[in-house]
Amino acid sequence: MRPDQRNRLPYDDVLQTIGWTPLIRLNRVTRGLVTPVYGKAEFFNPGGSVKDRIGLPIIERAEREGKLKPGGTIVEGTSGNTGIGLAIAAALRGYRCIFTMPDKMSQEKVRLLKAFGAEVIITPTAVPPDHPDNYVMMARRIAAEMPNAILANQFYNDANPQAHYETTGPELWEQTAGRITHFVASAGTGGTITGVGRYLKEKNPAIRIIAGDPAGSILGEYWRSDGSIKIDGAPYKVEGIGQDKVPGTLDMHVIDDYRTVSDRDAFVMARRLTREEGLFVGGSSGLIAHVALQVAREVNDPHALVVTFLCDTGERYLSKLYSDEWMRENQLLEPDHVRIADLLGAKADDAPAVVSVAPTTTVRQALRLMNLHDVSQLPVLDADNCIGSVSESAVSARALENTKLLDAAVSDVMDAPFPVVESSQSLDGVVKLLTKTNPAVLVRTRDRIAGIVTRSDVLHFLMMR
Ligand SMILES: Cc1ncc(COP(=O)(O)O)c(C=O)c1O
């Protein structure tokens, strides 16, 4: 269906609304780049992910081949999204669904599958791929033992890449009027990158197909070594992509470059896509977009056209990458992505926002104030301007040498003022201002001094994360 015809007429059922997802330009995360980058927004599919595209084709192929008969059961090992794609199609065709799913997957995904009427069996993530408790192995066993049941087999079923060859690839070609020069995606089953890659290379062999891979997956390493290096995978947090063995549906030959990305970079980019572009996506989309921006930077050509893939909706990860607590527990929130306002918010409720002195305050009063509030330095404020600072160590050393100073005004003894930063500034930038000679910064919100951040505040905050 052409995009200009989309939604103008009623559909016979929800399955007809799958595909022809919008291609949307990234405008903010790409700041400073000359190469245009677009995202194919697969979260517009009714089940919220790219995997809606393969549910019906897999079922229809099994029906054509006589393997799936009315009242039958569809079994699959799925990280969630394929389950939803299958469950939507199965609901409309009257099939039962049983899904096995590794325990690292989010609760939202499990609940979603159950909402569609599927039965879900949770399996341990930390078992080798050939272990009987591995989610794929378990699905295989259930399908073999149950009468009138098929294994959807997304990792080996050619209907999976074929669906992308027939839909996603042609859509991208048409949406970019054949101007696409780079397609960036990531392989879970490899269905997307294989199907789209094959189609685009047939149209124009110069189009570069670039894959992103989570650090810990073996796929990137396998591609880089041409299959000669055998390595074990390691756990990672991004869901839906990467593998610990090469799936049958992944054709490594269509891939021109494979890049490994950390969980942190993937999640940070996913959060940026949401906050800066209004594109609410999961971690795999963040990972691919991270690679797409690298590629755009390297290509540095306004006539190139980089397409990245926005695989699924961020709603599936509200308790994970969109939870600051979860990000912190997993050491995934970097100091430079913490705003100074976050640190102020984390300070004890009973701490006064700013303890300060006026220029005319005496040194004695200033020392008393520091003692009372248990602080080691004070800003000297004239109205809302910081004109100087006094520190307990410097002032008390001088007052001991000359006790008359106790009755002098602080303006006579003060040191340089503290720098003033905006509360929206990143913690990383502020840390650089906290030097040996400068123990604190003042924080301004809407033209008012709203707080103070000291070296010990930052240390305390970082220790608590
Ligand atoms: C969130 C997410 N992103 C990306 C992919 C990768 O798609 P493919 O299996 O076509 O390689 C998947 C696959 O499960 C996924 O769930």
# chains A, B, ... in the order shown; residues from 1 in each chain; ligands from 1
call {"tool": "residues_near_ligand", "arguments": {"ligand": "ligand 1", "cutoff": "10 Å", "atoms": "only C-alpha atoms and all ligand atoms", "output": "tab-separated table (two decimals) with C-alpha atoms, in the first residue's frame"}}
result
chain	number	residue	atom	x	y	z
A	42	GLU	CA	8.80	0.23	12.79
A	43	PHE	CA	7.14	0.98	16.11
A	48	GLY	CA	4.78	-1.97	18.07
A	49	SER	CA	7.72	-3.61	16.33
A	50	VAL	CA	9.36	-4.70	13.10
A	51	LYS	CA	8.42	-8.27	13.95
A	53	ARG	CA	6.03	-8.08	9.41
A	54	ILE	CA	7.00	-11.73	9.79
A	78	THR	CA	11.08	-15.39	21.13
A	79	SER	CA	12.56	-12.37	22.83
A	80	GLY	CA	9.06	-10.94	22.75
A	81	ASN	CA	8.47	-8.96	19.61
A	82	THR	CA	8.17	-11.93	17.26
A	83	GLY	CA	5.75	-13.43	19.74
A	154	GLN	CA	12.23	-17.48	13.01
A	155	PHE	CA	15.98	-18.21	13.22
A	160	ASN	CA	11.42	-14.25	7.76
A	161	PRO	CA	14.07	-12.62	5.48
A	163	ALA	CA	9.08	-10.85	4.30
A	164	HIS	CA	11.65	-8.05	4.51
A	185	ALA	CA	20.46	-2.35	11.04
A	186	SER	CA	21.23	-5.04	13.52
A	187	ALA	CA	20.70	-8.78	13.43
A	188	GLY	CA	18.65	-10.73	15.89
A	189	THR	CA	17.54	-13.44	13.51
A	190	GLY	CA	19.14	-11.42	10.72
A	191	GLY	CA	15.82	-11.44	8.85
A	192	THR	CA	15.67	-7.67	8.49
A	193	ILE	CA	19.25	-7.01	7.41
A	194	THR	CA	19.32	-10.05	5.10
A	195	GLY	CA	16.00	-9.34	3.35
A	196	VAL	CA	16.48	-5.58	3.09
A	211	ALA	CA	25.35	-3.87	10.98
A	238	VAL	CA	20.17	-4.79	24.84
A	239	GLU	CA	17.22	-6.97	23.84
A	240	GLY	CA	16.28	-8.55	20.54
A	241	ILE	CA	19.60	-8.35	18.73
A	242	GLY	CA	22.98	-10.13	18.74
A	243	GLN	CA	23.44	-13.85	19.25
A	247	PRO	CA	21.27	-17.94	12.86
A	249	THR	CA	18.36	-16.53	8.52
A	250	LEU	CA	21.42	-14.25	8.64
A	281	VAL	CA	12.19	3.46	20.91
A	282	GLY	CA	13.93	0.49	22.54
A	283	GLY	CA	17.62	-0.19	23.09
A	284	SER	CA	18.24	-1.96	19.77
A	285	SER	CA	17.12	1.17	17.91
A	286	GLY	CA	19.52	3.21	20.04
A	287	LEU	CA	22.36	0.85	19.20
A	288	ILE	CA	21.71	1.06	15.46
A	309	PHE	CA	16.08	1.24	11.79
A	310	LEU	CA	13.76	2.05	14.70
A	311	CYS	CA	12.83	-1.50	15.64
A	312	ASP	CA	10.33	-1.27	18.47
A	313	THR	CA	8.54	0.96	20.93
A	314	GLY	CA	10.17	2.21	24.12
A	316	ARG	CA	8.45	-2.21	26.25
call {"tool": "residues_around", "arguments": {"residues": "stretch 112-114 of chain A", "least_positions_apart": "6", "cutoff": "12 Å", "atoms": "only C-alpha atoms", "output": "list in words"}}
result
Gly47, Gly48, Glu76, Thr78, Ser79, Gly80, Asn81, Thr82, Gly83, Ile84, Gly85, Leu86, Ala87, Ile88, Ala90, Ala91, Arg96, Cys97, Ile98, Phe99, Thr100, Met101, Met105, Ser106, Val120, Ile121, Ile122, Glu315 and Arg316 of chain A
call {"tool": "select_by_dssp", "arguments": {"residues": "stretch 79-232 of chain A", "states": "strand (DSSP E)", "output": "list in words"}}
result
Arg96, Cys97, Ile98, Phe99, Thr100, Met101, Pro102, Glu119, Val120, Ile121, Ile122, Thr123, Ala149, Ile150, Leu151, His182, Phe183, Val184, Ala185, Ser186, Arg208, Ile209, Ile210, Ala211, Gly212, Asp213 and Pro214 of chain A
call {"tool": "write_last_selection", "arguments": {"atoms": "C-alpha atoms", "output": "compact mmCIF listing (two decimals), in the first residue's frame"}}
result
# COMPACT_ATOMS: atom_id res chain seq x y z
CA ARG A 96 -3.07 -21.17 19.95
CA CYS A 97 0.40 -19.73 20.79
CA ILE A 98 3.05 -21.03 23.19
CA PHE A 99 6.19 -18.92 23.57
CA THR A 100 9.42 -19.60 25.42
CA MET A 101 11.34 -16.54 26.49
CA PRO A 102 14.69 -15.92 28.24
CA GLU A 119 1.06 -18.92 26.93
CA VAL A 120 4.56 -17.89 28.01
CA ILE A 121 7.28 -20.12 29.44
CA ILE A 122 10.26 -18.30 30.97
CA THR A 123 13.67 -19.95 30.57
CA ALA A 149 1.92 -27.81 16.39
CA ILE A 150 4.55 -25.99 14.35
CA LEU A 151 7.72 -24.25 15.37
CA HIS A 182 23.66 3.36 3.59
CA PHE A 183 21.32 1.05 5.47
CA VAL A 184 22.16 0.47 9.13
CA ALA A 185 20.46 -2.35 11.04
CA SER A 186 21.23 -5.04 13.52
CA ARG A 208 26.39 -0.10 1.92
CA ILE A 209 24.74 -2.45 4.42
CA ILE A 210 26.12 -1.83 7.89
CA ALA A 211 25.35 -3.87 10.98
CA GLY A 212 25.55 -2.91 14.63
CA ASP A 213 26.12 -5.61 17.25
CA PRO A 214 25.91 -5.50 21.05
call {"tool": "residues_around", "arguments": {"residues": "A:Lys230", "least_positions_apart": "6", "cutoff": "9 Å", "atoms": "only C-alpha atoms", "output": "MDAnalysis selection string"}}
result
chainID A and resid 218 221:222
call {"tool": "write_last_selection", "arguments": {"atoms": "N, CA and C atoms", "output": "mmCIF file, in the first residue's frame"}}
result
data_model
loop_
_atom_site.group_PDB
_atom_site.id
_atom_site.type_symbol
_atom_site.label_atom_id
_atom_site.label_comp_id
_atom_site.auth_asym_id
_atom_site.auth_seq_id
_atom_site.Cartn_x
_atom_site.Cartn_y
_atom_site.Cartn_z
ATOM 1 N N ILE A 218 28.321 -12.605 19.476
ATOM 2 C CA ILE A 218 29.451 -13.123 18.688
ATOM 3 C C ILE A 218 29.379 -12.711 17.214
ATOM 4 N N GLU A 221 32.083 -10.280 15.659
ATOM 5 C CA GLU A 221 33.400 -10.925 15.674
ATOM 6 C C GLU A 221 33.476 -12.017 14.598
ATOM 7 N N TYR A 222 32.375 -12.733 14.452
ATOM 8 C CA TYR A 222 32.286 -13.792 13.447
ATOM 9 C C TYR A 222 32.464 -13.189 12.046
#
call {"tool": "closest_residue", "arguments": {"among": "A:Ala126, A:Ala159, A:Ala89, A:Met137", "to": "A:Pro57", "atoms": "only C-alpha atoms"}}
result
A:Ala159
call {"tool": "select_by_dssp", "arguments": {"residues": "stretch 12-67 of chain A", "states": "helix (DSSP H, G or I)", "output": "ChimeraX atom specification"}}
result
/A:14-17,42-44,52-64
call {"tool": "write_last_selection", "arguments": {"atoms": "N, CA and C atoms", "output": "mmCIF file, in the first residue's frame"}}
result
data_model
loop_
_atom_site.group_PDB
_atom_site.id
_atom_site.type_symbol
_atom_site.label_atom_id
_atom_site.label_comp_id
_atom_site.auth_asym_id
_atom_site.auth_seq_id
_atom_site.Cartn_x
_atom_site.Cartn_y
_atom_site.Cartn_z
ATOM 1 N N VAL A 14 -6.701 -5.828 11.209
ATOM 2 C CA VAL A 14 -5.509 -5.106 11.667
ATOM 3 C C VAL A 14 -4.240 -5.547 10.912
ATOM 4 N N LEU A 15 -4.259 -6.773 10.388
ATOM 5 C CA LEU A 15 -3.068 -7.271 9.687
ATOM 6 C C LEU A 15 -2.734 -6.408 8.470
ATOM 7 N N GLN A 16 -3.774 -5.811 7.882
ATOM 8 C CA GLN A 16 -3.542 -4.974 6.694
ATOM 9 C C GLN A 16 -2.811 -3.673 7.029
ATOM 10 N N THR A 17 -2.761 -3.352 8.299
ATOM 11 C CA THR A 17 -2.091 -2.090 8.675
ATOM 12 C C THR A 17 -0.592 -2.284 8.916
ATOM 13 N N GLU A 42 9.528 1.499 12.748
ATOM 14 C CA GLU A 42 8.800 0.230 12.795
ATOM 15 C C GLU A 42 7.855 0.127 13.996
ATOM 16 N N PHE A 43 8.045 1.039 14.957
ATOM 17 C CA PHE A 43 7.135 0.984 16.113
ATOM 18 C C PHE A 43 5.729 1.453 15.738
ATOM 19 N N PHE A 44 5.558 1.945 14.496
ATOM 20 C CA PHE A 44 4.216 2.290 14.014
ATOM 21 C C PHE A 44 3.386 1.055 13.663
ATOM 22 N N ASP A 52 6.132 -7.516 13.504
ATOM 23 C CA ASP A 52 4.783 -7.734 12.983
ATOM 24 C C ASP A 52 4.847 -8.201 11.529
ATOM 25 N N ARG A 53 5.920 -7.769 10.847
ATOM 26 C CA ARG A 53 6.032 -8.076 9.412
ATOM 27 C C ARG A 53 6.183 -9.565 9.128
ATOM 28 N N ILE A 54 6.706 -10.319 10.105
ATOM 29 C CA ILE A 54 6.999 -11.728 9.787
ATOM 30 C C ILE A 54 5.949 -12.705 10.332
ATOM 31 N N GLY A 55 5.064 -12.229 11.222
ATOM 32 C CA GLY A 55 4.083 -13.140 11.837
ATOM 33 C C GLY A 55 3.210 -13.832 10.800
ATOM 34 N N LEU A 56 2.504 -13.014 10.003
ATOM 35 C CA LEU A 56 1.575 -13.590 9.029
ATOM 36 C C LEU A 56 2.303 -14.402 7.951
ATOM 37 N N PRO A 57 3.402 -13.904 7.358
ATOM 38 C CA PRO A 57 4.086 -14.720 6.344
ATOM 39 C C PRO A 57 4.517 -16.096 6.871
ATOM 40 N N ILE A 58 4.960 -16.173 8.124
ATOM 41 C CA ILE A 58 5.362 -17.471 8.677
ATOM 42 C C ILE A 58 4.145 -18.396 8.784
ATOM 43 N N ILE A 59 3.035 -17.849 9.270
ATOM 44 C CA ILE A 59 1.817 -18.662 9.416
ATOM 45 C C ILE A 59 1.297 -19.090 8.040
ATOM 46 N N GLU A 60 1.282 -18.158 7.104
ATOM 47 C CA GLU A 60 0.736 -18.493 5.776
ATOM 48 C C GLU A 60 1.584 -19.536 5.067
ATOM 49 N N ARG A 61 2.909 -19.471 5.262
ATOM 50 C CA ARG A 61 3.758 -20.480 4.632
ATOM 51 C C ARG A 61 3.452 -21.864 5.214
ATOM 52 N N ALA A 62 3.311 -21.932 6.551
ATOM 53 C CA ALA A 62 3.017 -23.228 7.200
ATOM 54 C C ALA A 62 1.654 -23.754 6.748
ATOM 55 N N GLU A 63 0.697 -22.842 6.539
ATOM 56 C CA GLU A 63 -0.628 -23.272 6.056
ATOM 57 C C GLU A 63 -0.512 -23.822 4.633
ATOM 58 N N ARG A 64 0.236 -23.088 3.788
ATOM 59 C CA ARG A 64 0.399 -23.527 2.391
ATOM 60 C C ARG A 64 1.065 -24.889 2.313
#
call {"tool": "residues_around", "arguments": {"residues": "A:Pro128", "least_positions_apart": "2", "cutoff": "12 Å", "atoms": "only C-alpha atoms", "output": "list of chain:residue names"}}
result
A:Pro102, A:Thr123, A:Pro124, A:Thr125, A:Ala126, A:Asp130, A:His131, A:Pro132, A:Asp133, A:Asn134, A:Tyr135, A:Val136, A:Met137, A:Asp232, A:Gly233, A:Ala234, A:Pro235, A:Gln243, A:Asp244, A:Lys245
call {"tool": "residues_around", "arguments": {"residues": "A:Arg224", "least_positions_apart": "4", "cutoff": "12 Å", "atoms": "only C-alpha atoms", "output": "NGL selection string"}}
result
:A and (211 or 213 or 218-220 or 228-230 or 252-253 or 255-260)
call {"tool": "closest_residue", "arguments": {"among": "A:Arg28, A:Tyr236, A:Asp251, A:Pro147", "to": "A:Arg198", "atoms": "only C-alpha atoms"}}
result
A:Asp251
